[in-house]
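Asker: Got a structure for you, written out below as structure tokens; questions coming shortly.
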Amino acid sequence: MTPIILASASPRRRELLANLGLDFNVKVSEVNEIMEDGVPPAQLVEKLAERKAAAVAAESKEGLVIGADTLVVFAGRPLGKPASRQEAVQMINILQGQRHEVLTGLAVIDAATGQSVITHQSTAVCFKPMTREQIERYVNTGEPFDKAGAYAVQGKASIFIDSIQGCYFNVVGLPVAKLADALRVFGVEIL
């Protein structure tokens with residue numbers, strides 16, 4: 001069986017792969033995740049996912065390398081991970097009471113051949129209205145700081161989610177149905 005390599009430090013992505021019963025290794029890519037201006041968000045997440053997977057594939061002789069990158073997009077503006085407490089508060093304040101989009105780019109690259117599947121998933125998320133005090137208390141939990149859009153749908157922020165349209169796992173950070181389709185291209189069946 002072809003080895004599977006996850007090019008991500010995300011514990012959530014590791015957990016999702018483990019829940020699928022996949023045997024995999026983790027090799028964190030050290031690529032630049034700076035968002036480029038003027039690139040449409042769907043293209044941007046695909047580029048970043050591909051960049052992560054390609055960096056790890058270049059260091060590997062064999063294996064299917066999985067790269068992923070998630071962005072929250074509100075009114076066409078991408079929101080990455082907050083750099084400060086103030087930025088986390090601002091992001092949650094922008095999202096509260098509003099509908100936004102979560103995009104995850106997914107790249108699977110065969111390290112031996114260079115063959116790749118690159119795609120993305122989009123999910124709409126709607127937050128309930130929140131008070132300034134609720135936002136402050138949420139940010140004080142520390143949960144927002146390594147999350148796109150400053151929230152974790154699977155964590156404490158779940159109490160503020162009014163609705164999700166589309167793939168829940170995409171919002172967590174890995175669209176598992178799309179991943180299964182991509183792996184199938186390389187002859188890997190999850191079930």
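Within each chain, counting starts at residue 1; across the structure tokens, chains are named A, B, ... in the order shown, with ligands numbered 1 upward in that order.
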Skip Arg184 of chain A itself and residues of its chain fewer than 4 positions away, then list as a PyMOL selection string all residues within 12 Å of it, counting only C-alpha atoms.

Answerer: chain A and resi 64+108+116-117+177-180+188-191

Asker: Keeping only N, CA, C and O atoms, take the residues you just selected and write them out as an mmCIF file, in the first residue's frame.

Answerer:
data_model
loop_
_atom_site.group_PDB
_atom_site.id
_atom_site.type_symbol
_atom_site.label_atom_id
_atom_site.label_comp_id
_atom_site.auth_asym_id
_atom_site.auth_seq_id
_atom_site.Cartn_x
_atom_site.Cartn_y
_atom_site.Cartn_z
ATOM 1 N N LEU A 64 1.535 9.316 -0.950
ATOM 2 C CA LEU A 64 0.520 10.292 -1.328
ATOM 3 C C LEU A 64 0.529 11.372 -0.260
ATOM 4 O O LEU A 64 0.268 11.105 0.910
ATOM 5 N N VAL A 108 -3.637 16.536 -3.203
ATOM 6 C CA VAL A 108 -3.042 15.220 -2.986
ATOM 7 C C VAL A 108 -2.037 15.020 -4.114
ATOM 8 O O VAL A 108 -2.399 15.105 -5.293
ATOM 9 N N SER A 116 -1.129 14.853 -9.450
ATOM 10 C CA SER A 116 -1.822 15.544 -8.368
ATOM 11 C C SER A 116 -3.308 15.706 -8.639
ATOM 12 O O SER A 116 -3.749 15.705 -9.790
ATOM 13 N N VAL A 117 -4.040 15.838 -7.557
ATOM 14 C CA VAL A 117 -5.448 16.230 -7.587
ATOM 15 C C VAL A 117 -5.536 17.456 -6.695
ATOM 16 O O VAL A 117 -5.139 17.414 -5.526
ATOM 17 N N ALA A 177 -15.056 13.982 2.311
ATOM 18 C CA ALA A 177 -15.644 13.363 1.120
ATOM 19 C C ALA A 177 -14.807 13.690 -0.118
ATOM 20 O O ALA A 177 -14.554 12.826 -0.962
ATOM 21 N N LYS A 178 -14.360 14.943 -0.225
ATOM 22 C CA LYS A 178 -13.474 15.321 -1.347
ATOM 23 C C LYS A 178 -12.147 14.579 -1.242
ATOM 24 O O LYS A 178 -11.568 14.194 -2.251
ATOM 25 N N LEU A 179 -11.648 14.402 -0.031
ATOM 26 C CA LEU A 179 -10.402 13.666 0.162
ATOM 27 C C LEU A 179 -10.567 12.224 -0.308
ATOM 28 O O LEU A 179 -9.702 11.690 -1.003
ATOM 29 N N ALA A 180 -11.680 11.593 0.042
ATOM 30 C CA ALA A 180 -11.927 10.213 -0.390
ATOM 31 C C ALA A 180 -11.947 10.128 -1.916
ATOM 32 O O ALA A 180 -11.373 9.196 -2.499
ATOM 33 N N VAL A 188 -6.696 4.406 -3.870
ATOM 34 C CA VAL A 188 -6.849 4.193 -2.448
ATOM 35 C C VAL A 188 -8.332 4.331 -2.097
ATOM 36 O O VAL A 188 -8.935 5.393 -2.283
ATOM 37 N N GLU A 189 -8.900 3.250 -1.602
ATOM 38 C CA GLU A 189 -10.293 3.246 -1.161
ATOM 39 C C GLU A 189 -10.308 3.275 0.376
ATOM 40 O O GLU A 189 -9.651 2.448 1.012
ATOM 41 N N ILE A 190 -11.035 4.195 0.952
ATOM 42 C CA ILE A 190 -11.101 4.289 2.414
ATOM 43 C C ILE A 190 -11.897 3.126 2.988
ATOM 44 O O ILE A 190 -11.537 2.560 4.003
ATOM 45 N N LEU A 191 -12.981 2.743 2.328
ATOM 46 C CA LEU A 191 -13.777 1.595 2.792
ATOM 47 C C LEU A 191 -13.582 0.419 1.852
ATOM 48 O O LEU A 191 -13.459 0.540 0.677
#

Asker: Pick out each residue of chain A that DSSP on the backbone tags as helix (DSSP H, G or I); I need them as a compact mmCIF listing (two decimals) with N, CA and C atoms, in the first residue's frame.

Answerer:
# COMPACT_ATOMS: atom_id res chain seq x y z
N PRO A 11 -3.86 19.39 14.53
CA PRO A 11 -4.37 18.21 15.25
C PRO A 11 -5.76 17.81 14.77
N ARG A 12 -6.54 18.77 14.28
CA ARG A 12 -7.89 18.46 13.79
C ARG A 12 -7.81 17.62 12.52
N ARG A 13 -6.90 17.97 11.63
CA ARG A 13 -6.73 17.17 10.40
C ARG A 13 -6.23 15.77 10.73
N ARG A 14 -5.30 15.68 11.66
CA ARG A 14 -4.81 14.36 12.08
C ARG A 14 -5.95 13.51 12.63
N GLU A 15 -6.78 14.12 13.46
CA GLU A 15 -7.90 13.40 14.06
C GLU A 15 -8.89 12.93 12.99
N LEU A 16 -9.18 13.79 12.01
CA LEU A 16 -10.11 13.40 10.95
C LEU A 16 -9.57 12.24 10.13
N LEU A 17 -8.27 12.26 9.80
CA LEU A 17 -7.67 11.14 9.06
C LEU A 17 -7.69 9.86 9.90
N ALA A 18 -7.37 9.98 11.17
CA ALA A 18 -7.39 8.80 12.05
C ALA A 18 -8.80 8.23 12.16
N ASN A 19 -9.81 9.11 12.23
CA ASN A 19 -11.20 8.64 12.30
C ASN A 19 -11.62 7.86 11.06
N PRO A 41 -10.33 33.84 -3.42
CA PRO A 41 -10.14 32.93 -2.29
C PRO A 41 -10.09 31.44 -2.66
N ALA A 42 -10.94 30.99 -3.57
CA ALA A 42 -10.92 29.57 -3.96
C ALA A 42 -9.58 29.19 -4.58
N GLN A 43 -9.06 30.06 -5.41
CA GLN A 43 -7.75 29.83 -6.04
C GLN A 43 -6.65 29.88 -4.99
N LEU A 44 -6.78 30.80 -4.05
CA LEU A 44 -5.77 30.98 -3.02
C LEU A 44 -5.64 29.74 -2.14
N VAL A 45 -6.76 29.18 -1.69
CA VAL A 45 -6.67 27.99 -0.82
C VAL A 45 -6.11 26.79 -1.59
N GLU A 46 -6.44 26.69 -2.87
CA GLU A 46 -5.87 25.61 -3.68
C GLU A 46 -4.37 25.78 -3.82
N LYS A 47 -3.92 27.01 -4.09
CA LYS A 47 -2.48 27.28 -4.23
C LYS A 47 -1.72 26.96 -2.95
N LEU A 48 -2.27 27.39 -1.82
CA LEU A 48 -1.60 27.16 -0.54
C LEU A 48 -1.56 25.67 -0.19
N ALA A 49 -2.67 24.96 -0.46
CA ALA A 49 -2.69 23.51 -0.20
C ALA A 49 -1.67 22.80 -1.08
N GLU A 50 -1.62 23.20 -2.36
CA GLU A 50 -0.67 22.58 -3.28
C GLU A 50 0.77 22.88 -2.86
N ARG A 51 1.02 24.11 -2.45
CA ARG A 51 2.37 24.51 -2.02
C ARG A 51 2.82 23.66 -0.83
N LYS A 52 1.92 23.43 0.13
CA LYS A 52 2.26 22.62 1.30
C LYS A 52 2.55 21.17 0.90
N ALA A 53 1.67 20.59 0.09
CA ALA A 53 1.84 19.20 -0.33
C ALA A 53 3.09 19.03 -1.19
N ALA A 54 3.33 19.98 -2.09
CA ALA A 54 4.49 19.89 -2.99
C ALA A 54 5.80 19.96 -2.22
N ALA A 55 5.86 20.78 -1.19
CA ALA A 55 7.09 20.91 -0.39
C ALA A 55 7.42 19.58 0.28
N VAL A 56 6.42 18.91 0.82
CA VAL A 56 6.66 17.62 1.48
C VAL A 56 6.92 16.53 0.45
N ALA A 57 6.21 16.57 -0.68
CA ALA A 57 6.42 15.57 -1.74
C ALA A 57 7.85 15.65 -2.27
N ALA A 58 8.39 16.86 -2.36
CA ALA A 58 9.76 17.04 -2.87
C ALA A 58 10.80 16.40 -1.95
N ARG A 85 -4.88 39.29 19.90
CA ARG A 85 -6.17 39.22 20.57
C ARG A 85 -7.14 40.22 19.94
N GLN A 86 -6.66 41.43 19.69
CA GLN A 86 -7.49 42.48 19.09
C GLN A 86 -8.03 42.04 17.73
N GLU A 87 -7.17 41.42 16.93
CA GLU A 87 -7.61 40.95 15.61
C GLU A 87 -8.64 39.83 15.75
N ALA A 88 -8.49 38.95 16.74
CA ALA A 88 -9.48 37.89 16.97
C ALA A 88 -10.83 38.49 17.32
N VAL A 89 -10.83 39.48 18.20
CA VAL A 89 -12.09 40.15 18.58
C VAL A 89 -12.72 40.80 17.34
N GLN A 90 -11.91 41.46 16.52
CA GLN A 90 -12.43 42.10 15.31
C GLN A 90 -13.05 41.09 14.36
N MET A 91 -12.36 39.95 14.16
CA MET A 91 -12.88 38.93 13.25
C MET A 91 -14.22 38.39 13.73
N ILE A 92 -14.30 38.02 15.01
CA ILE A 92 -15.56 37.47 15.53
C ILE A 92 -16.65 38.53 15.47
N ASN A 93 -16.32 39.77 15.74
CA ASN A 93 -17.31 40.84 15.66
C ASN A 93 -17.85 41.00 14.24
N ILE A 94 -16.98 40.85 13.25
CA ILE A 94 -17.41 40.93 11.85
C ILE A 94 -18.35 39.77 11.51
N LEU A 95 -18.03 38.57 12.03
CA LEU A 95 -18.79 37.37 11.66
C LEU A 95 -20.10 37.22 12.44
N ARG A 132 -20.87 41.99 22.74
CA ARG A 132 -19.42 42.27 22.89
C ARG A 132 -18.84 41.42 24.03
N GLU A 133 -19.62 41.26 25.11
CA GLU A 133 -19.16 40.46 26.25
C GLU A 133 -18.96 38.99 25.85
N GLN A 134 -19.88 38.43 25.06
CA GLN A 134 -19.72 37.05 24.59
C GLN A 134 -18.47 36.90 23.72
N ILE A 135 -18.26 37.86 22.85
CA ILE A 135 -17.08 37.83 21.98
C ILE A 135 -15.81 37.87 22.82
N GLU A 136 -15.75 38.77 23.78
CA GLU A 136 -14.58 38.90 24.65
C GLU A 136 -14.34 37.60 25.43
N ARG A 137 -15.42 37.03 25.98
CA ARG A 137 -15.26 35.78 26.74
C ARG A 137 -14.76 34.65 25.84
N TYR A 138 -15.29 34.59 24.61
CA TYR A 138 -14.83 33.54 23.70
C TYR A 138 -13.35 33.72 23.36
N VAL A 139 -12.95 34.92 23.03
CA VAL A 139 -11.55 35.17 22.69
C VAL A 139 -10.66 34.87 23.89
N ASN A 140 -11.13 35.16 25.10
CA ASN A 140 -10.35 34.88 26.30
C ASN A 140 -10.11 33.39 26.54
N GLU A 143 -9.05 29.84 22.29
CA GLU A 143 -9.36 28.96 21.17
C GLU A 143 -9.17 29.60 19.79
N PRO A 144 -9.42 30.88 19.61
CA PRO A 144 -9.37 31.46 18.27
C PRO A 144 -7.98 31.60 17.63
N PHE A 145 -6.93 31.47 18.40
CA PHE A 145 -5.64 31.96 17.92
C PHE A 145 -4.93 31.15 16.85
N ASP A 146 -5.26 29.93 16.63
CA ASP A 146 -4.63 29.20 15.52
C ASP A 146 -5.68 28.72 14.53
N ALA A 148 -8.47 29.73 11.35
CA ALA A 148 -8.93 30.66 10.31
C ALA A 148 -10.24 31.29 10.76
N GLY A 149 -10.36 32.60 10.63
CA GLY A 149 -11.58 33.28 11.03
C GLY A 149 -11.73 33.42 12.53
N ALA A 150 -10.75 32.97 13.29
CA ALA A 150 -10.71 33.12 14.75
C ALA A 150 -11.75 32.27 15.48
N LYS A 156 -15.66 25.59 21.42
CA LYS A 156 -16.59 26.45 22.16
C LYS A 156 -17.42 27.35 21.25
N ALA A 157 -16.90 27.67 20.07
CA ALA A 157 -17.65 28.52 19.14
C ALA A 157 -18.92 27.84 18.65
N SER A 158 -19.02 26.54 18.83
CA SER A 158 -20.20 25.80 18.35
C SER A 158 -21.49 26.36 18.95
N ILE A 159 -21.42 26.97 20.13
CA ILE A 159 -22.65 27.50 20.74
C ILE A 159 -23.16 28.74 20.01
N PHE A 160 -22.33 29.30 19.13
CA PHE A 160 -22.73 30.50 18.38
C PHE A 160 -23.11 30.20 16.93
N TYR A 168 -19.62 19.88 7.00
CA TYR A 168 -19.16 20.27 8.34
C TYR A 168 -17.65 20.07 8.47
N PHE A 169 -17.14 18.94 7.97
CA PHE A 169 -15.72 18.62 8.13
C PHE A 169 -14.83 19.63 7.39
N ASN A 170 -15.36 20.23 6.35
CA ASN A 170 -14.65 21.30 5.65
C ASN A 170 -14.40 22.47 6.60
N VAL A 171 -15.37 22.79 7.44
CA VAL A 171 -15.23 23.89 8.38
C VAL A 171 -14.19 23.53 9.46
N VAL A 172 -14.11 22.26 9.80
CA VAL A 172 -13.09 21.81 10.75
C VAL A 172 -11.70 21.92 10.13
N VAL A 176 -13.59 15.69 4.06
CA VAL A 176 -13.27 14.26 3.97
C VAL A 176 -13.88 13.57 2.75
N ALA A 177 -15.06 13.98 2.31
CA ALA A 177 -15.64 13.36 1.12
C ALA A 177 -14.81 13.69 -0.12
N LYS A 178 -14.36 14.94 -0.22
CA LYS A 178 -13.47 15.32 -1.35
C LYS A 178 -12.15 14.58 -1.24
N LEU A 179 -11.65 14.40 -0.03
CA LEU A 179 -10.40 13.67 0.16
C LEU A 179 -10.57 12.22 -0.31
N ALA A 180 -11.68 11.59 0.04
CA ALA A 180 -11.93 10.21 -0.39
C ALA A 180 -11.95 10.13 -1.92
N ASP A 181 -12.57 11.11 -2.57
CA ASP A 181 -12.60 11.13 -4.04
C ASP A 181 -11.20 11.29 -4.61
N ALA A 182 -10.40 12.17 -4.00
CA ALA A 182 -9.03 12.40 -4.48
C ALA A 182 -8.17 11.15 -4.30
N LEU A 183 -8.29 10.50 -3.16
CA LEU A 183 -7.50 9.29 -2.91
C LEU A 183 -7.89 8.17 -3.87
N ARG A 184 -9.17 8.11 -4.22
CA ARG A 184 -9.66 7.09 -5.15
C ARG A 184 -8.97 7.21 -6.51
N VAL A 185 -8.64 8.43 -6.93
CA VAL A 185 -7.91 8.65 -8.18
C VAL A 185 -6.59 7.89 -8.18

Asker: Please determine, counting only C-alpha atoms, which residue among A:Ala68, A:Met130, A:Leu103, A:Ile164 has the shortest atom-to-atom distance to Ile118 of chain A.

Answerer: A:Ala68

Asker: Env of Asn25 of chain A: 9 Å cut, atoms = only C-alpha atoms, seq-sep filter 4 positions within chain, self excluded. Answer as a list in words.

Answerer: Pro3, Ile4, Ile5, Leu6 and Ala7 of chain A

Asker: Quick one: residues within 6 Å of Phe127 of chain A, only C-alpha atoms, excluding same-chain residues fewer than 2 positions away - as a list in words?

Answerer: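 Listed by chain and then number, they are Gln96, Gly97, Gln98, Phe160, Ile161 and Asp162 of chain A.
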
Asker: Would you mind exporting the chosen residues as a PDB file, in the first residue's frame, restricted to all heavy atoms?

Answerer:
ATOM      1  N   GLN A  96     -20.171  37.776  13.645  1.00  0.00           N
ATOM      2  CA  GLN A  96     -21.365  37.550  14.479  1.00  0.00           C
ATOM      3  C   GLN A  96     -22.612  38.084  13.787  1.00  0.00           C
ATOM      4  O   GLN A  96     -22.596  39.148  13.198  1.00  0.00           O
ATOM      5  CB  GLN A  96     -21.164  38.152  15.873  1.00  0.00           C
ATOM      6  CG  GLN A  96     -21.009  39.647  15.942  1.00  0.00           C
ATOM      7  CD  GLN A  96     -22.325  40.395  16.092  1.00  0.00           C
ATOM      8  OE1 GLN A  96     -23.360  39.829  16.451  1.00  0.00           O
ATOM      9  NE2 GLN A  96     -22.293  41.678  15.790  1.00  0.00           N
ATOM     10  N   GLY A  97     -23.658  37.256  13.819  1.00  0.00           N
ATOM     11  CA  GLY A  97     -24.927  37.638  13.205  1.00  0.00           C
ATOM     12  C   GLY A  97     -24.931  37.590  11.688  1.00  0.00           C
ATOM     13  O   GLY A  97     -25.893  38.013  11.064  1.00  0.00           O
ATOM     14  N   GLN A  98     -23.864  37.076  11.106  1.00  0.00           N
ATOM     15  CA  GLN A  98     -23.705  37.091   9.656  1.00  0.00           C
ATOM     16  C   GLN A  98     -23.462  35.693   9.085  1.00  0.00           C
ATOM     17  O   GLN A  98     -23.086  34.776   9.795  1.00  0.00           O
ATOM     18  CB  GLN A  98     -22.506  37.972   9.268  1.00  0.00           C
ATOM     19  CG  GLN A  98     -22.589  39.400   9.729  1.00  0.00           C
ATOM     20  CD  GLN A  98     -23.696  40.171   9.028  1.00  0.00           C
ATOM     21  OE1 GLN A  98     -23.947  39.981   7.841  1.00  0.00           O
ATOM     22  NE2 GLN A  98     -24.376  41.040   9.756  1.00  0.00           N
ATOM     23  N   PHE A 160     -22.332  29.303  19.127  1.00  0.00           N
ATOM     24  CA  PHE A 160     -22.730  30.496  18.382  1.00  0.00           C
ATOM     25  C   PHE A 160     -23.115  30.201  16.933  1.00  0.00           C
ATOM     26  O   PHE A 160     -23.488  31.102  16.195  1.00  0.00           O
ATOM     27  CB  PHE A 160     -21.601  31.535  18.394  1.00  0.00           C
ATOM     28  CG  PHE A 160     -21.185  31.939  19.780  1.00  0.00           C
ATOM     29  CD1 PHE A 160     -19.904  31.658  20.231  1.00  0.00           C
ATOM     30  CD2 PHE A 160     -22.066  32.577  20.647  1.00  0.00           C
ATOM     31  CE1 PHE A 160     -19.506  32.018  21.513  1.00  0.00           C
ATOM     32  CE2 PHE A 160     -21.685  32.936  21.921  1.00  0.00           C
ATOM     33  CZ  PHE A 160     -20.400  32.655  22.360  1.00  0.00           C
ATOM     34  N   ILE A 161     -23.015  28.953  16.517  1.00  0.00           N
ATOM     35  CA  ILE A 161     -23.317  28.592  15.126  1.00  0.00           C
ATOM     36  C   ILE A 161     -24.819  28.388  14.971  1.00  0.00           C
ATOM     37  O   ILE A 161     -25.407  27.513  15.611  1.00  0.00           O
ATOM     38  CB  ILE A 161     -22.568  27.305  14.702  1.00  0.00           C
ATOM     39  CG1 ILE A 161     -21.064  27.437  14.930  1.00  0.00           C
ATOM     40  CG2 ILE A 161     -22.902  26.937  13.263  1.00  0.00           C
ATOM     41  CD1 ILE A 161     -20.371  28.477  14.100  1.00  0.00           C
ATOM     42  N   ASP A 162     -25.417  29.186  14.118  1.00  0.00           N
ATOM     43  CA  ASP A 162     -26.856  29.077  13.858  1.00  0.00           C
ATOM     44  C   ASP A 162     -27.143  28.006  12.812  1.00  0.00           C
ATOM     45  O   ASP A 162     -28.069  27.225  12.958  1.00  0.00           O
ATOM     46  CB  ASP A 162     -27.397  30.434  13.407  1.00  0.00           C
ATOM     47  CG  ASP A 162     -28.903  30.444  13.303  1.00  0.00           C
ATOM     48  OD1 ASP A 162     -29.561  29.929  14.227  1.00  0.00           O
ATOM     49  OD2 ASP A 162     -29.417  30.969  12.304  1.00  0.00           O
TER      50      ASP A 162
END

Asker: Run DSSP on the backbone of this structure and report the residues of chain A it assigns to strand (DSSP E), as a ChimeraX atom specification.

Answerer: /A:4-6,24-26,64-74,77-79,99-110,116-127,161-165

Asker: So which residues touch Ser163 of chain A within 9 Å, counting only C-alpha atoms, skipping near sequence neighbours fewer than 3 positions away, as a ChimeraX atom specification?

Answerer: /A:99,124-128

Asker: Restricting the calculation to only C-alpha atoms: of A:Gln165, A:Arg77, A:Lys147, A:Val102, which residue gets closest to Val39 of chain A?

Answerer: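 Distance minimum relative to Val39 of chain A lands on A:Arg77.
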
Asker: I'd like the contact shell of Pro175 of chain A - 9 Å cut-off, only C-alpha atoms, skipping same-chain residues fewer than 6 positions apart - returned as JSON, numbers by chain.

Answerer: {"A": [104, 105, 106, 120, 121, 167, 168, 169]}

Asker: Within 6 Å of Val73 of chain A, counting only C-alpha atoms, which residues qualify if same-chain residues fewer than 5 places away don't, as JSON, numbers by chain?

Answerer: {"A": [78, 79, 100, 101]}

Asker: Counting only C-alpha atoms, figure out which residue out of A:Lys61, A:Thr141, A:Ile66, A:Gly38 gets nearest to Val26 of chain A.

Answerer: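 Closest to Val26 of chain A, using only C-alpha atoms: A:Ile66.
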
Asker: So how many Å separate atom CA of Thr131 of chain A and atom CA of Ser10 of chain A, to one decimal?

Answerer: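 Pair atom CA of Thr131 of chain A / atom CA of Ser10 of chain A returns 29.7 Å.
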
Asker: For Gly173 of chain A, which of A:Pro129, A:Gly142, A:Pro40, A:Gly67 is the closest residue, counting only C-alpha atoms?

Answerer: A:Gly67
